[in-house]
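Quick notes on the structure that follows.
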Amino acid sequence: MNKILPFFLLLILLTGFSSEENQFIARQGHVSFFSYASMENIEAQNNQVLSILDLRNKKIAVSMLMRAFVFKKDLMYEHFNESYIESDIYPKATFEGNILDFESSLEKQTKIVRGNLTIHGNTKEIDIKTTIEKINGTYLLSGEYNVFVKDFDIKIPPILSSNIAKMITIKFRFQYQSYEE
Amino acid sequence: MKNKKIYPLFVVLFFLTNSSLIAQSLLDKLDSEFPDKPVYEIATFKMTRIGLGHSIETRKKGALEISLYNRYWNIPNFGGERFLADKVSTRYGLEYAFLDNFTVGFGYTNFDKISDGYLKYRLLKQQKGSKKTPISITLLQTISNRKTTNTGLYGKETSTNNNAFTSQVLIARKFNPDLSIQITPTFIYNTATATNDDPNTQFAIGFGGRHKIGGHASVVSEYYYVANPLKSIDTYNAFMVGVNWELSHLLLQFHITNARNYAEDTFITKTTHNFNFKDPNLHFGFNATFVLHTKKKKLK
């Protein structure tokens, strides 16, 4: 019995770690969005986006704080958080999905990532065309995606409809490193 | 024997640890990765004024506010006909944020001929998250100058300058995304008084609130209680109820009030009308503020 116990403990620990070894994390992912409207262009950046890439299950997850977006004008930041995205109630935007037809041998590939995007408490299933690059054993994911404001129940008053575009372009770039606790 | 009982236990333990790792989704894993940063409450009030008086808010560095405050009222039993309202008082204001926490402002009101200036400093910001601060505190110091010109017996003009100083400690809390409440202890010093009976120093306390009714609009109200009112004239406590509406760079305020003046010392201590809907007690206020960002943040 006394000989078997350490063996089992080792086994439990090993299985615990095995799921980590194919995981990569990006702690300073870039997400930016653009609104091109007749009144003015609005641009915002978030350089603190978190993402996990799990190559064993070909899964990817992204999470970001809405309050971490930086705008050119402070009033835009206040309106974005207070009036549109309501970051007090919905502090995060998340994405969780699967990389379709991922091939681990390729250096550079463009694949579809299918998953659920949650913004402003509304979830929508989307397909994102993503470029996956393998550089020295780590990964770089980048791409662009367009969302419609009305899909996520974000209200724009009619009087301000010329200030904000109906379709927002989102760009992302995640540089991963191997996951360590 | 003993070993036979312990084997299944280990197998169960083995599966449990494995399954718990699968059950923990990638998103849950990311939640624990967010850095522990202070989260300051934003937009306790959206505007730097609730309506009559100041709110705890200051604009961020480089913001220039150009403001036009109007108050309209009617004269009772007025013989003539005037468009919209019989009387109007306008304050022209300029405010500039030198720092995120420090604003300087100037204004001139054409009706009571009062020039006013103020310094405003944000002392404490309400914080949520790991480190909690329950309230926000802003300090306000104003000076107002009223120049009165009298024509003497032989046509000689003499002018007197009356200065008044108002110090306020603005204390506010955003209770939830919709509701913010502010309490404002106020100290007012007048260099000159109408009669000897009138106090030079006066104490007041203000109560203000904001309730959000939509993404861009909120209902606001304000009341100032004066502890030692003037004795030479009948004064009433100032009250205001209204709507604040934000349209990108333009901030609009509509309200009804009994206060006619804009400078803190005058509307708090020298409001000579009670709040009701009879002329000339009912004042309709319309404030328009345009925010100009002279310094823009650079995005990488």
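Labeling convention for the structure tokens: chains A, B, ... as they appear, residues from 1 per chain, ligands from 1 in order of appearance.
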
Interface, chain A side, toward chain B (6 Å; only C-alpha atoms) as a VMD selection string: chain A and resid 12 61 72 to 73 83

I'd like the neighbourhood of A:Asn22 as an NGL selection string, where a residue qualifies if any of its atoms comes within 12 Å (using only C-alpha atoms), though same-chain residues fewer than 6 positions away should be ignored. :A and (52-60 or 104 or 137-139 or 176-180)

Report as a VMD selection string all protein, DNA and RNA residues lying within 9 Å of stretch 122-132 of chain B, evaluated on only C-alpha atoms, omitting residues in the same chain fewer than 4 positions from it. chain B and resid 36 to 42 44 56 to 58 100 to 103 136 to 140 172 to 174

Quick one: DSSP strand (DSSP E) residues in stretch 26-178 of chain A, as a ChimeraX atom specification? /A:26-36,41-54,59-65,70-71,92-99,108-119,122-135,138-148,167-175,177-178

Applying 7 Å and only C-alpha atoms, which residues near stretch 114-118 of chain A remain after dropping the ones on its own chain fewer than 3 positions away? List them as a VMD selection string. chain A and resid 93 to 99 121 to 128

Take the selection from the previous step and output its residues with C-alpha atoms, as a PDB file, in the first residue's frame.
ATOM      1  CA  ALA A  93     -16.532  40.787 -23.999  1.00  0.00           C
ATOM      2  CA  THR A  94     -15.651  37.135 -24.611  1.00  0.00           C
ATOM      3  CA  PHE A  95     -15.162  34.676 -27.447  1.00  0.00           C
ATOM      4  CA  GLU A  96     -14.938  30.920 -27.233  1.00  0.00           C
ATOM      5  CA  GLY A  97     -14.613  28.720 -30.281  1.00  0.00           C
ATOM      6  CA  ASN A  98     -12.959  25.961 -32.279  1.00  0.00           C
ATOM      7  CA  ILE A  99     -10.372  26.208 -35.026  1.00  0.00           C
ATOM      8  CA  GLY A 121     -24.525  40.392 -22.662  1.00  0.00           C
ATOM      9  CA  ASN A 122     -25.635  39.155 -26.106  1.00  0.00           C
ATOM     10  CA  THR A 123     -24.142  36.021 -27.638  1.00  0.00           C
ATOM     11  CA  LYS A 124     -23.886  35.376 -31.343  1.00  0.00           C
ATOM     12  CA  GLU A 125     -22.364  32.454 -33.239  1.00  0.00           C
ATOM     13  CA  ILE A 126     -19.800  33.696 -35.732  1.00  0.00           C
ATOM     14  CA  ASP A 127     -17.109  32.465 -38.132  1.00  0.00           C
ATOM     15  CA  ILE A 128     -13.862  34.433 -38.119  1.00  0.00           C
TER      16      ILE A 128
END

Distance atom CA of A:Lys150-atom CA of A:Thr169, one decimal place?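 Answer for the atom CA of A:Lys150 to atom CA of A:Thr169 separation: 13.8 Å.
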
All residues 9 Å or closer to A:Ser87, only C-alpha atoms, same chain fewer than 5 positions away omitted, as an NGL selection string: :A and (65-67 or 80-82 or 92 or 120)
